[in-house]
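With compact mmCIF, C-alpha atoms inside, this is data.txt:
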# COMPACT_ATOMS: atom_id res chain seq x y z
CA MET O 721 7.61 59.94 -17.19
CA LYS O 722 6.79 59.00 -13.67
CA ILE O 723 6.01 55.51 -12.60
CA LYS O 724 3.63 55.18 -9.74
CA TRP O 725 4.71 53.05 -6.83
CA TRP O 726 1.76 50.69 -7.03
CA LYS O 727 2.70 49.59 -10.52
CA ILE O 728 6.15 48.53 -9.32
CA LEU O 729 4.55 46.83 -6.35
CA GLY O 730 2.18 44.96 -8.68
CA VAL O 731 4.97 43.71 -10.92
CA ALA O 732 7.09 42.71 -7.93
CA LEU O 733 4.26 40.84 -6.24
CA VAL O 734 3.24 38.95 -9.38
CA LEU O 735 6.85 38.03 -10.13
CA TYR O 736 7.24 36.89 -6.55
CA SER O 737 4.04 34.85 -6.71
CA ILE O 738 5.14 33.13 -9.92
CA ILE O 739 8.58 32.23 -8.61
CA ALA O 740 7.57 31.39 -5.06
CA GLY O 741 4.35 29.78 -6.23
CA LEU O 742 6.24 27.28 -8.34
CA LEU O 743 9.16 26.71 -5.97
CA LEU O 744 7.90 26.83 -2.40
CA PRO O 745 6.61 23.60 -0.87
CA VAL O 746 2.87 22.99 -0.86
CA PRO O 747 0.88 20.67 1.42
CA LYS O 748 0.35 17.22 -0.06
CA LEU O 749 -3.40 17.04 -0.38
CA ASN O 750 -5.28 14.06 -1.65
CA ILE O 751 -6.42 14.32 -5.31
CA LEU O 752 -5.05 17.85 -5.63
CA ASN O 753 -1.35 17.08 -5.18
CA GLU O 754 0.81 19.60 -7.03
CA THR O 755 -2.11 21.10 -8.92
CA VAL O 756 -2.89 22.96 -5.72
CA ARG O 757 -0.46 25.57 -7.01
CA ASN O 758 -3.15 26.63 -9.45
CA LEU O 759 -4.63 28.49 -6.48
CA TYR O 760 -2.08 31.24 -7.06
CA PHE O 761 -3.04 31.70 -10.68
CA HIS O 762 -6.68 30.68 -10.98
CA VAL O 763 -8.32 32.01 -7.83
CA THR O 764 -6.42 35.29 -8.07
CA MET O 765 -8.05 35.91 -11.46
CA TRP O 766 -11.50 35.81 -9.91
CA PHE O 767 -10.46 38.15 -7.13
CA SER O 768 -9.09 40.62 -9.68
CA MET O 769 -12.20 40.29 -11.82
CA ILE O 770 -14.49 41.11 -8.89
CA VAL O 771 -12.36 44.13 -8.00
CA LEU O 772 -12.41 45.36 -11.61
CA MET O 773 -16.16 44.89 -11.89
CA LEU O 774 -16.63 46.66 -8.56
CA LEU O 775 -14.55 49.59 -9.80
CA SER O 776 -16.51 49.55 -13.04
CA MET O 777 -19.76 49.78 -11.10
CA ILE O 778 -18.41 52.62 -8.98
CA TYR O 779 -17.50 54.54 -12.14
CA SER O 780 -20.97 53.86 -13.53
CA ILE O 781 -22.53 55.29 -10.38
CA ARG O 782 -20.25 58.30 -10.60
CA TYR O 783 -21.21 58.71 -14.24
CA LEU O 784 -24.88 58.80 -13.32
CA SER O 785 -24.28 61.49 -10.74
CA GLY O 786 -22.39 63.82 -13.05
CA PHE O 787 -22.76 62.59 -16.65
CA ASN O 788 -19.06 62.91 -17.34
CA LYS O 789 -18.27 60.92 -20.48
CA LEU O 790 -14.79 59.96 -19.31
CA LEU O 791 -16.21 58.15 -16.31
CA ASP O 792 -18.34 56.02 -18.61
CA LEU O 793 -15.32 55.23 -20.74
CA LYS O 794 -13.49 54.20 -17.61
CA ALA O 795 -16.37 51.95 -16.54
CA GLU O 796 -16.43 50.30 -19.95
CA THR O 797 -12.69 49.71 -20.01
CA LEU O 798 -12.72 48.24 -16.52
CA ALA O 799 -15.56 45.90 -17.45
CA SER O 800 -13.86 44.71 -20.61
CA THR O 801 -10.59 44.14 -18.79
CA GLY O 802 -12.55 42.29 -16.13
CA LEU O 803 -14.08 40.10 -18.81
CA PHE O 804 -10.63 39.36 -20.16
CA ILE O 805 -9.39 38.42 -16.69
CA ALA O 806 -12.48 36.24 -16.27
CA THR O 807 -11.59 34.45 -19.49
CA LEU O 808 -8.14 33.77 -18.07
CA GLY O 809 -9.72 32.54 -14.85
CA LEU O 810 -12.01 30.25 -16.77
CA THR O 811 -9.19 28.88 -18.90
CA THR O 812 -6.88 28.19 -15.97
CA GLY O 813 -9.79 26.57 -14.16
CA MET O 814 -10.70 24.39 -17.12
CA VAL O 815 -7.17 23.14 -17.62
CA TRP O 816 -6.95 22.40 -13.90
CA ALA O 817 -10.33 20.65 -13.95
CA GLN O 818 -9.20 18.43 -16.79
CA PHE O 819 -6.38 17.11 -14.63
CA THR O 820 -8.23 16.99 -11.33
CA TRP O 821 -11.79 16.08 -12.20
CA GLY O 822 -11.06 14.53 -15.59
CA THR O 823 -13.25 16.88 -17.56
CA PHE O 824 -13.12 20.47 -18.72
CA TRP O 825 -16.59 21.40 -17.59
CA VAL O 826 -18.84 20.09 -14.83
CA ASN O 827 -22.20 21.19 -13.54
CA ASP O 828 -20.94 22.99 -10.46
CA PRO O 829 -22.46 26.10 -8.85
CA LYS O 830 -19.18 27.98 -9.06
CA LEU O 831 -18.76 27.19 -12.75
CA ASN O 832 -22.34 28.19 -13.40
CA GLY O 833 -21.72 31.42 -11.52
CA ALA O 834 -18.66 32.12 -13.65
CA ALA O 835 -20.53 31.33 -16.86
CA VAL O 836 -23.45 33.55 -15.88
CA THR O 837 -21.12 36.39 -14.93
CA MET O 838 -19.45 36.24 -18.31
CA LEU O 839 -22.78 36.09 -20.14
CA ILE O 840 -24.07 39.09 -18.18
CA TYR O 841 -21.04 41.17 -19.07
CA LEU O 842 -21.10 40.03 -22.71
CA ALA O 843 -24.71 41.23 -22.77
CA TYR O 844 -23.47 44.54 -21.35
CA PHE O 845 -21.23 45.02 -24.39
CA ILE O 846 -23.97 44.01 -26.80
CA LEU O 847 -26.21 46.56 -25.12
CA ARG O 848 -23.53 49.22 -25.52
CA ASN O 849 -23.15 48.50 -29.20
CA SER O 850 -26.85 48.52 -29.94
CA ILE O 851 -27.48 52.12 -28.90
CA GLU O 852 -26.39 54.79 -31.32
CA ASN O 853 -26.93 57.95 -29.34
CA GLU O 854 -23.75 58.44 -27.31
CA ASP O 855 -25.45 59.97 -24.27
CA SER O 856 -28.20 57.44 -23.92
CA LYS O 857 -25.68 54.65 -24.60
CA ALA O 858 -23.60 55.77 -21.66
CA ARG O 859 -26.59 56.21 -19.39
CA VAL O 860 -28.42 52.99 -20.22
CA SER O 861 -25.30 50.87 -20.05
CA ALA O 862 -24.33 52.45 -16.73
CA ILE O 863 -27.67 51.37 -15.36
CA TYR O 864 -27.28 47.84 -16.70
CA ASN O 865 -23.76 47.73 -15.30
CA ILE O 866 -25.01 48.50 -11.79
CA LEU O 867 -27.79 45.94 -12.13
CA ALA O 868 -25.32 43.37 -13.46
CA PHE O 869 -22.86 43.81 -10.62
CA VAL O 870 -25.45 43.63 -7.86
CA MET O 871 -27.03 40.53 -9.40
CA MET O 872 -23.63 38.94 -9.87
CA ILE O 873 -22.78 39.47 -6.20
CA VAL O 874 -26.14 38.08 -5.12
CA PHE O 875 -25.75 35.04 -7.33
CA ILE O 876 -22.11 34.16 -6.84
CA GLY O 877 -22.17 35.19 -3.20
CA ILE O 878 -25.26 33.33 -2.09
CA LEU O 879 -26.20 30.62 -4.56
CA PRO O 880 -23.00 28.53 -4.28
CA ARG O 881 -23.26 28.61 -0.50
CA MET O 882 -26.68 26.99 -0.65
CA THR O 883 -25.41 23.92 -2.48
CA ASP O 884 -22.33 21.75 -2.43
CA SER O 885 -19.55 22.43 -4.85
CA LEU O 886 -16.87 20.19 -6.25
CA HIS O 887 -14.36 22.92 -5.55
CA PRO O 888 -11.64 22.35 -2.97
CA GLY O 889 -12.85 23.41 0.44
CA ASN O 890 -16.51 22.75 -0.38
CA GLY O 891 -18.69 19.75 0.25
CA GLY O 892 -16.07 17.75 2.15
CA ASN O 893 -13.39 18.15 -0.49
CA PRO O 894 -9.93 18.83 0.85
CA GLY O 895 -9.33 22.56 0.97
CA PHE O 896 -6.90 25.04 2.32
CA SER O 897 -8.75 26.21 5.35
CA ASN O 898 -9.28 22.63 6.54
CA TYR O 899 -5.59 22.20 7.17
CA ASP O 900 -3.77 24.71 9.19
CA LEU O 901 -0.47 23.89 7.59
CA ASP O 902 -0.86 26.23 4.70
CA SER O 903 1.03 29.18 6.10
CA ASN O 904 3.36 28.47 3.20
CA MET O 905 0.52 28.90 0.76
CA ARG O 906 -0.81 31.97 2.49
CA ILE O 907 2.44 33.88 2.12
CA VAL O 908 2.21 33.34 -1.62
CA PHE O 909 -1.54 33.55 -2.12
CA TYR O 910 -2.30 36.90 -0.49
CA PRO O 911 0.54 38.78 -2.24
CA ALA O 912 -0.52 37.11 -5.50
CA VAL O 913 -4.08 38.38 -5.11
CA LEU O 914 -2.88 41.90 -4.42
CA GLY O 915 -0.34 41.74 -7.24
CA TRP O 916 -2.86 40.59 -9.85
CA ILE O 917 -5.39 43.18 -8.71
CA LEU O 918 -2.78 45.89 -9.17
CA ILE O 919 -1.61 44.54 -12.54
CA SER O 920 -5.14 44.23 -13.92
CA THR O 921 -6.00 47.74 -12.76
CA TRP O 922 -2.86 48.90 -14.50
CA ILE O 923 -3.83 47.10 -17.73
CA SER O 924 -7.24 48.72 -17.56
CA ASP O 925 -5.69 52.12 -16.88
CA LEU O 926 -3.41 51.80 -19.92
CA ARG O 927 -6.30 50.79 -22.16
CA TYR O 928 -8.34 53.68 -20.87
CA ARG O 929 -5.57 56.14 -21.66
CA ILE O 930 -5.17 54.72 -25.16
CA LYS O 931 -8.91 55.13 -25.73
CA VAL O 932 -8.82 58.71 -24.50
CA LEU O 933 -5.96 59.46 -26.91
CA GLU O 934 -7.88 57.83 -29.75
CA THR O 935 -11.02 59.87 -29.12
CA ASN O 936 -8.96 63.05 -28.89
CA LYS O 937 -7.32 62.20 -32.20
CA GLU O 938 -10.69 61.59 -33.83
CA ASN O 939 -12.05 64.88 -32.59
CA ASN O 940 -9.12 66.93 -33.87
CA MET H 45 -46.54 58.57 -4.03
CA ILE H 46 -48.70 55.61 -2.95
CA LYS H 47 -51.70 57.27 -4.55
CA GLN H 48 -49.79 57.76 -7.79
CA VAL H 49 -48.67 54.14 -7.79
CA THR H 50 -52.20 52.81 -7.30
CA GLU H 51 -53.51 55.14 -10.00
CA LEU H 52 -50.84 53.95 -12.41
CA VAL H 53 -51.46 50.29 -11.63
CA LEU H 54 -55.17 50.80 -12.22
CA LYS H 55 -54.37 52.60 -15.47
CA ASP H 56 -52.32 49.63 -16.66
CA VAL H 57 -55.03 47.19 -15.66
CA ARG H 58 -57.67 49.21 -17.50
CA LEU H 59 -55.58 49.70 -20.62
CA ASN H 60 -54.60 46.07 -20.84
CA TRP H 61 -58.13 44.95 -20.20
CA ARG H 62 -59.24 47.09 -23.10
CA GLU H 63 -56.70 45.32 -25.29
CA ARG H 64 -57.45 41.87 -24.07
CA TYR H 65 -56.00 40.13 -27.10
CA ALA H 66 -52.52 40.48 -25.58
CA LEU H 67 -53.66 38.66 -22.46
CA TYR H 68 -55.37 36.01 -24.55
CA SER H 69 -52.24 35.56 -26.63
CA MET H 70 -50.24 34.84 -23.47
CA LEU H 71 -52.79 32.25 -22.40
CA LEU H 72 -52.79 30.71 -25.84
CA TYR H 73 -48.99 30.58 -25.71
CA VAL H 74 -49.09 28.63 -22.45
CA LEU H 75 -51.83 26.39 -23.76
CA SER H 76 -50.06 25.56 -27.00
CA THR H 77 -46.62 25.03 -25.45
CA SER H 78 -48.12 22.76 -22.79
CA TYR H 79 -49.85 20.80 -25.51
CA VAL H 80 -46.66 20.57 -27.55
CA ALA H 81 -44.90 19.32 -24.41
CA TYR H 82 -47.66 16.77 -23.91
CA LEU H 83 -47.35 15.58 -27.49
CA SER H 84 -43.57 15.40 -27.50
CA PHE H 85 -43.35 13.58 -24.18
CA GLU H 86 -46.35 11.41 -25.08
CA GLY H 87 -47.78 12.04 -21.65
CA VAL H 88 -44.94 10.24 -19.87
CA ILE H 89 -42.54 12.63 -18.24
CA SER H 90 -40.12 12.28 -15.36
CA ASP H 91 -40.70 14.54 -12.38
CA HIS H 92 -37.53 16.50 -12.91
CA SER H 93 -38.25 17.17 -16.58
CA TRP H 94 -41.76 18.19 -15.57
CA ILE H 95 -40.36 20.86 -13.29
CA ALA H 96 -37.68 22.07 -15.69
CA LEU H 97 -40.10 22.31 -18.60
CA PHE H 98 -42.68 24.11 -16.48
CA TRP H 99 -40.30 26.85 -15.49
CA ILE H 100 -38.91 27.23 -18.99
CA ILE H 101 -42.42 27.71 -20.35
CA VAL H 102 -43.16 30.23 -17.61
CA LEU H 103 -39.89 32.04 -18.28
CA PHE H 104 -40.63 32.59 -21.94
CA ALA H 105 -44.24 33.52 -21.25
CA ALA H 106 -42.94 36.09 -18.77
CA MET H 107 -40.50 37.45 -21.31
CA ASN H 108 -43.24 37.88 -23.88
CA ALA H 109 -45.50 39.50 -21.33
CA SER H 110 -43.02 42.04 -20.05
CA LEU H 111 -41.79 42.94 -23.52
CA GLN H 112 -45.10 44.72 -23.96
CA SER H 113 -44.86 46.65 -20.72
CA PHE H 114 -42.95 49.63 -22.09
CA LYS H 115 -44.30 49.58 -25.62
CA ARG H 116 -46.96 52.15 -24.89
CA GLU H 117 -44.48 54.44 -23.15
CA LEU H 118 -42.31 54.85 -26.21
CA ASN H 119 -44.19 57.49 -28.15
CA GLN H 120 -44.50 61.22 -27.62
CA GLN H 121 -47.41 60.75 -25.29
CA ALA H 122 -44.99 59.20 -22.85
CA LEU H 123 -43.13 62.46 -22.37
CA PHE H 124 -46.33 64.10 -21.25
CA PHE H 125 -46.94 61.16 -19.04
CA TYR H 126 -43.61 61.44 -17.33
CA THR H 127 -44.29 65.04 -16.43
CA LEU H 128 -47.43 64.00 -14.60
CA ALA H 129 -46.09 61.17 -12.49
CA LYS H 130 -42.86 60.61 -10.66
CA PRO H 131 -40.58 58.15 -12.48
CA ARG H 132 -40.24 56.12 -9.30
CA ALA H 133 -44.01 55.78 -9.10
CA ILE H 134 -44.04 54.64 -12.72
CA ILE H 135 -41.49 51.87 -12.25
CA LEU H 136 -43.07 50.70 -8.99
CA ALA H 137 -46.47 50.58 -10.65
CA LYS H 138 -45.07 48.67 -13.63
CA THR H 139 -43.32 46.20 -11.35
CA ILE H 140 -46.43 45.63 -9.26
CA TYR H 141 -48.62 45.23 -12.32
CA ASN H 142 -46.21 42.86 -14.05
CA SER H 143 -45.73 40.80 -10.90
CA ALA H 144 -49.46 40.45 -10.40
CA LEU H 145 -49.96 39.58 -14.05
CA LEU H 146 -47.21 37.02 -14.00
CA ILE H 147 -48.40 35.43 -10.77
CA VAL H 148 -51.85 34.96 -12.28
CA LEU H 149 -50.35 33.75 -15.54
CA THR H 150 -48.08 31.25 -13.79
CA LEU H 151 -50.91 29.92 -11.65
CA LEU H 152 -53.01 29.47 -14.78
CA SER H 153 -50.09 27.80 -16.53
CA TYR H 154 -49.73 25.51 -13.55
CA ALA H 155 -53.37 24.47 -13.94
CA ILE H 156 -53.14 24.02 -17.72
CA TYR H 157 -49.80 22.27 -17.55
CA SER H 158 -50.98 19.85 -14.86
CA LEU H 159 -54.04 19.11 -16.95
CA PHE H 160 -51.92 17.83 -19.82
CA LEU H 161 -48.84 16.45 -18.11
CA GLY H 162 -50.12 15.42 -14.69
CA ASN H 163 -49.07 16.87 -11.39
CA PRO H 164 -46.23 15.26 -9.42
CA ILE H 165 -46.14 18.06 -6.80
CA THR H 166 -47.13 16.91 -3.33
CA ALA H 167 -46.35 19.96 -1.23
CA GLN H 168 -48.93 22.17 -2.93
CA LEU H 169 -48.72 25.05 -0.49
CA SER H 170 -44.98 25.49 -0.71
CA PHE H 171 -45.07 25.09 -4.49
CA ILE H 172 -47.64 27.85 -4.75
CA MET H 173 -45.50 30.01 -2.49
CA CYS H 174 -42.59 29.23 -4.78
CA ILE H 175 -44.71 30.26 -7.78
CA VAL H 176 -45.77 33.53 -6.17
CA LEU H 177 -42.30 34.56 -5.00
CA GLY H 178 -40.59 33.21 -8.10
CA SER H 179 -42.85 34.88 -10.63
CA SER H 180 -42.71 38.20 -8.86
CA ALA H 181 -38.91 37.99 -8.79
CA VAL H 182 -38.85 37.12 -12.49
CA ALA H 183 -41.31 39.92 -13.23
CA SER H 184 -39.39 42.56 -11.32
CA ILE H 185 -36.12 41.68 -13.06
CA LEU H 186 -37.85 41.59 -16.43
CA THR H 187 -39.57 44.94 -15.88
CA LEU H 188 -36.28 46.72 -15.30
CA VAL H 189 -34.65 44.92 -18.22
CA ALA H 190 -37.63 45.78 -20.44
CA ALA H 191 -37.19 49.42 -19.47
CA ILE H 192 -33.52 49.19 -20.41
CA ALA H 193 -34.22 47.33 -23.65
CA SER H 194 -36.92 49.80 -24.68
CA LYS H 195 -34.16 52.41 -25.01
CA THR H 196 -32.47 50.46 -27.79
CA ASN H 197 -33.27 49.95 -31.45
CA ASN H 198 -33.71 46.21 -31.19
CA SER H 199 -35.65 45.79 -27.98
CA SER H 200 -37.17 42.37 -28.54
CA GLY H 201 -33.87 40.82 -29.52
CA LEU H 202 -31.97 42.44 -26.69
CA MET H 203 -34.59 41.53 -24.14
CA ALA H 204 -33.63 37.85 -24.30
CA VAL H 205 -29.90 38.53 -24.37
CA LEU H 206 -30.02 40.91 -21.42
CA SER H 207 -32.45 39.02 -19.24
CA ILE H 208 -31.59 35.34 -19.66
CA PRO H 209 -28.21 35.54 -17.91
CA LEU H 210 -29.82 37.54 -15.12
CA LEU H 211 -32.67 35.05 -14.81
CA PHE H 212 -30.62 31.89 -15.16
CA PRO H 213 -29.52 31.62 -11.51
CA LEU H 214 -33.07 32.40 -10.45
CA LEU H 215 -34.32 29.64 -12.73
CA ILE H 216 -31.90 27.13 -11.21
CA ASN H 217 -33.07 28.15 -7.78
CA LEU H 218 -36.73 27.83 -8.75
CA ILE H 219 -36.14 24.36 -10.15
CA LYS H 220 -34.31 23.35 -6.99
CA THR H 221 -37.10 24.68 -4.77
CA SER H 222 -39.72 22.92 -6.86
CA LYS H 223 -37.83 19.64 -6.53
CA LEU H 224 -38.12 20.00 -2.76
CA CYS H 225 -41.87 20.29 -3.23
CA LEU H 226 -41.89 16.85 -4.87
CA ASN H 227 -41.47 14.93 -1.65
CA ASN H 228 -43.56 16.91 0.76
CA GLU H 229 -40.62 18.65 2.29
CA LEU H 230 -41.64 22.01 3.57
CA ASP H 231 -38.63 22.02 5.78
CA TYR H 232 -35.70 24.20 6.62
CA PHE H 233 -34.22 23.90 3.15
CA ALA H 234 -37.31 24.98 1.24
CA GLY H 235 -37.66 27.87 3.68
CA ASN H 236 -34.12 28.94 2.87
CA GLN H 237 -34.77 28.80 -0.85
CA LEU H 238 -37.98 30.81 -0.50
CA LEU H 239 -36.05 33.35 1.53
CA PHE H 240 -33.57 33.63 -1.33
CA LEU H 241 -36.42 34.30 -3.78
CA ALA H 242 -37.79 36.99 -1.48
CA LEU H 243 -34.32 38.53 -1.26
CA ILE H 244 -34.06 38.70 -5.06
CA ASN H 245 -37.43 40.44 -5.10
CA ILE H 246 -36.35 43.06 -2.61
CA VAL H 247 -32.99 43.70 -4.28
CA THR H 248 -34.48 44.10 -7.74
CA VAL H 249 -37.30 46.38 -6.65
CA LEU H 250 -34.82 48.50 -4.75
CA LEU H 251 -32.53 48.72 -7.79
CA SER H 252 -35.41 49.64 -10.09
CA TYR H 253 -36.53 52.27 -7.62
CA LEU H 254 -33.06 53.79 -7.47
CA LEU H 255 -32.09 53.53 -11.13
CA PHE H 256 -35.23 54.17 -13.15
CA PRO H 257 -35.20 57.99 -12.72
CA TYR H 258 -31.92 58.01 -14.66
CA LEU H 259 -33.31 55.80 -17.36
CA TRP H 260 -36.51 57.44 -18.50
CA ARG H 261 -35.41 60.95 -19.45
CA ASP H 262 -34.03 61.38 -22.90
Mind turning the file's structure into C-alpha cells?
Amino acid sequence: MKIKWWKILGVALVLYSIIAGLLLPVPKLNILNETVRNLYFHVTMWFSMIVLMLLSMIYSIRYLSGFNKLLDLKAETLASTGLFIATLGLTTGMVWAQFTWGTFWVNDPKLNGAAVTMLIYLAYFILRNSIENEDSKARVSAIYNILAFVMMIVFIGILPRMTDSLHPGNGGNPGFSNYDLDSNMRIVFYPAVLGWILISTWISDLRYRIKVLETNKENN
Amino acid sequence: MIKQVTELVLKDVRLNWRERYALYSMLLYVLSTSYVAYLSFEGVISDHSWIALFWIIVLFAAMNASLQSFKRELNQQALFFYTLAKPRAIILAKTIYNSALLIVLTLLSYAIYSLFLGNPITAQLSFIMCIVLGSSAVASILTLVAAIASKTNNSSGLMAVLSIPLLFPLLINLIKTSKLCLNNELDYFAGNQLLFLALINIVTVLLSYLLFPYLWRD
C-alpha cells in the first residue's frame, strides 16, 4: 500500500488550517469580529467545489472524446462529491450568516449563485437517473455536465460582480483585501484552500475506487 | 453549411405553419395567463410585480414552445434526416427558429399583457432590445436543454427541472434590466446588462454548436 505524497500534504494542510485558523490572531473587523475565522472553513469549501466541478467537466469532455465508461464514472463521482462539499459550504455559510446578518438566508447574489449551482447539479443527477440505457446516460449527462459548468461559471463569475453583495469585501462591507494587515490570515487561508482541494479530491478518488470495485463485483 | 441552416429553418417554419394549432395554443396560453393575472391583481399592479409576472409568463410560454422543438425528430424518420444534414446545421437551425419564434411570441405577449395590465415601461427602445436579446438567450438555452431532455423517457417533466436552474440567473438579470427601463435610463448600466444577455447568447450557441454532434447519434 503506497500513500501518495499529496494525500499527506492535504491532511497536513487541513490540520494546520484548523489549528492555526482557530489560534492565530485575526484582524478586529467591525461586525465580523471573530467570525472572520469562518473564512478558512466556508470560503475554502467553495474553492474546492469549483475545482471538483472543473475536474468533473474535464472528465466529461474526455469521456466524449473516447467514450470510456470509467471516465464518466469519474465525472459523476467528482460532481457528487462537489455537491456534498457545496452542502458543507452552504451550511457553514448559513450558520455564519445567522450570527453576522441575523438570518440564515438573505437575498444576496452570492447565495443565489450557490443555490442555483446546487439546483443545476441536482438536476444533473436526476437526468442521470432518468435514462436507462447506460451509453446514452453517460453521453447525455456528460453534455449536460459541460453545459452546467460553463453556465455556472458565467453566472457566479459575472452576475455577482454586476450587483452589490452583503458579503465581506463587497458593497462597502469590511473585507480582507481592504486592510493590508491580513498577512496573518493569508498564511492560513491559502494553505487551507489547497488542503481542502486535496482532501476533497482524495474523497472523490476513494469513492470512485469503491464504485469501480462494486461494478466489478456485479459483473463477476 | 449556411445553405443547410437556411433550408432547415425554412423547413421548420413550413412544418409549424402547417400545424398552426401549436402556435395558436401558445398565443392562447399568453392570452389566458395575462387575463388571469389581470383578474387576480384586479388591474392594480405595482411596477415591479408587473415586470416579474411578465417574465415568468414568458418563461413558461418559452418552455412550452421549445418542448415541441424536438418532438418531430424522435421517430425513425429522424435517423434518415440526420444522414442528410450535418448535426451542427440542425442545432443552429433549431436555435435560430426557436429564437425567432420566441422573440415574436414575447413581443406579442408584451402587447397583450400591456393591454390588460397597463404599461409602466418608459424606455421602450431599451425594453424591446431587452426582449429581443433576452428571449433569444432563453430560446437558445431551452433548445439545447430540449435536445437533452428528448433523450430521456420523461422529457416534459425533465425539461422544467433541467432548464429552470439554468434560466433562473438569466431571469433575475432580465427583471433587473427591465427595472432600469422603468425610469427612462438607457445608460451605462442598462448597456452592461444588455451586454451580459448578448454574452449568454453567444456562449449558449457556441456550446450547442460544439456539443450537439455528440448528442444526436444513438
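Checking H:Val189, H:Asp56, H:Leu243, H:Ser143 one by one against Ser861 (chain O), counting all atoms listed in the file, you find the shortest gap at H:Val189.
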| Residue among O:Ile846, O:Met871, O:Met769, O:Leu784 lying closest to Thr807 (chain O), counting all atoms listed in the file |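 Closest to Thr807 (chain O) of all the choices is O:Met769.
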| Residues of chain O within 8 Å of chain H, all atoms listed in the file counted, as a ChimeraX atom specification | /O:784,833,836-837,839-840,843-844,847,850-851,856,859-860,863-864,867-868,871,874-875,879
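Between CA of Leu111 (chain H) and CA of Ala190 (chain H) the interatomic distance comes to 5.9 Å.
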How big is the axis-aligned box, and where does its centre sit, when it encloses all atoms of region 194-207 of chain H listed in the file and has 3 Å added on every side, reported in Å to one decimal as lines of an AutoDock Vina configuration file?
center_x = -33.5
center_y = 45.1
center_z = -25.3
size_x = 13.3
size_y = 20.6
size_z = 18.2
| said: Env of Arg757 (chain O): 9 Å cut, atoms = only C-alpha atoms, seq-sep filter 6 positions within chain, self excluded. Answer as a PyMOL selection string. | reply: chain O and resi 741-742+746+905
| query | Which is closer to Pro164 (chain H) than all the others in H:Thr150, H:Thr187, H:Ser180, H:Ser90, using only C-alpha atoms? | reply |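 The shortest atom-to-atom distance to Pro164 (chain H) comes from H:Ser90.
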| request: Compile the contact shell of Ser924 (chain O) as an MDAnalysis selection string: residues with an atom at most 9 Å away, counting all atoms listed in the file, same-chain residues fewer than 5 positions apart removed. | output: chainID O and resid 772 794 797:802 919 929
| message | Rounded to one decimal, what separation in Å do you get between CA of Trp94 (chain H) and CA of Asn163 (chain H)? | response | 8.5 Å
| field | Å distance separating CA of Gly730 (chain O) from CA of Ala835 (chain O), one decimal place | value |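 According to the coordinates, CA of Gly730 (chain O) and CA of Ala835 (chain O) are separated by 27.7 Å.
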| task | For Ile739 (chain O), please output as a PyMOL selection string all residues within 12 Å (counting all atoms listed in the file; exclusion window: fewer than 3 positions along the same chain). | result | chain O and resi 732-736+742-745+757+760-761+908+912
| task | Fewer than 2 positions away in the same chain doesn't count, so skip those; otherwise give me all residues within 12 Å of Gly813 (chain O), counting only C-alpha atoms, as a PyMOL selection string. | result | chain O and resi 755-766+806-811+815-821+823-826+830-831+834+887
Where atoms are lacking, region 215-226 of chain H completed to N, CA and C atoms, as a short mmCIF file (atom, residue, chain, number, x, y, z; two decimals), keeping the file's coordinate frame:
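Generated file (part_29.cif):
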data_model
loop_
_atom_site.label_atom_id
_atom_site.label_comp_id
_atom_site.auth_asym_id
_atom_site.auth_seq_id
_atom_site.Cartn_x
_atom_site.Cartn_y
_atom_site.Cartn_z
N LEU H 215 -33.66 30.82 -12.18
CA LEU H 215 -34.32 29.64 -12.73
C LEU H 215 -33.80 28.38 -12.04
N ILE H 216 -32.49 28.30 -11.88
CA ILE H 216 -31.90 27.13 -11.21
C ILE H 216 -32.46 27.00 -9.81
N ASN H 217 -32.57 28.16 -9.14
CA ASN H 217 -33.07 28.15 -7.78
C ASN H 217 -34.54 27.72 -7.72
N LEU H 218 -35.31 28.20 -8.70
CA LEU H 218 -36.73 27.83 -8.75
C LEU H 218 -36.88 26.34 -8.96
N ILE H 219 -36.05 25.79 -9.87
CA ILE H 219 -36.14 24.36 -10.15
C ILE H 219 -35.77 23.56 -8.91
N LYS H 220 -34.74 24.05 -8.21
CA LYS H 220 -34.31 23.35 -6.99
C LYS H 220 -35.41 23.39 -5.93
N THR H 221 -36.02 24.56 -5.77
CA THR H 221 -37.10 24.68 -4.77
C THR H 221 -38.26 23.77 -5.14
N SER H 222 -38.59 23.75 -6.44
CA SER H 222 -39.72 22.92 -6.86
C SER H 222 -39.44 21.45 -6.60
N LYS H 223 -38.17 21.05 -6.78
CA LYS H 223 -37.83 19.64 -6.53
C LYS H 223 -38.08 19.28 -5.07
N LEU H 224 -37.86 20.26 -4.18
CA LEU H 224 -38.12 20.00 -2.76
C LEU H 224 -39.61 19.79 -2.53
N CYS H 225 -40.41 20.43 -3.39
CA CYS H 225 -41.87 20.29 -3.23
C CYS H 225 -42.36 18.93 -3.71
N LEU H 226 -41.49 18.17 -4.36
CA LEU H 226 -41.89 16.85 -4.87
C LEU H 226 -42.15 15.88 -3.73
#
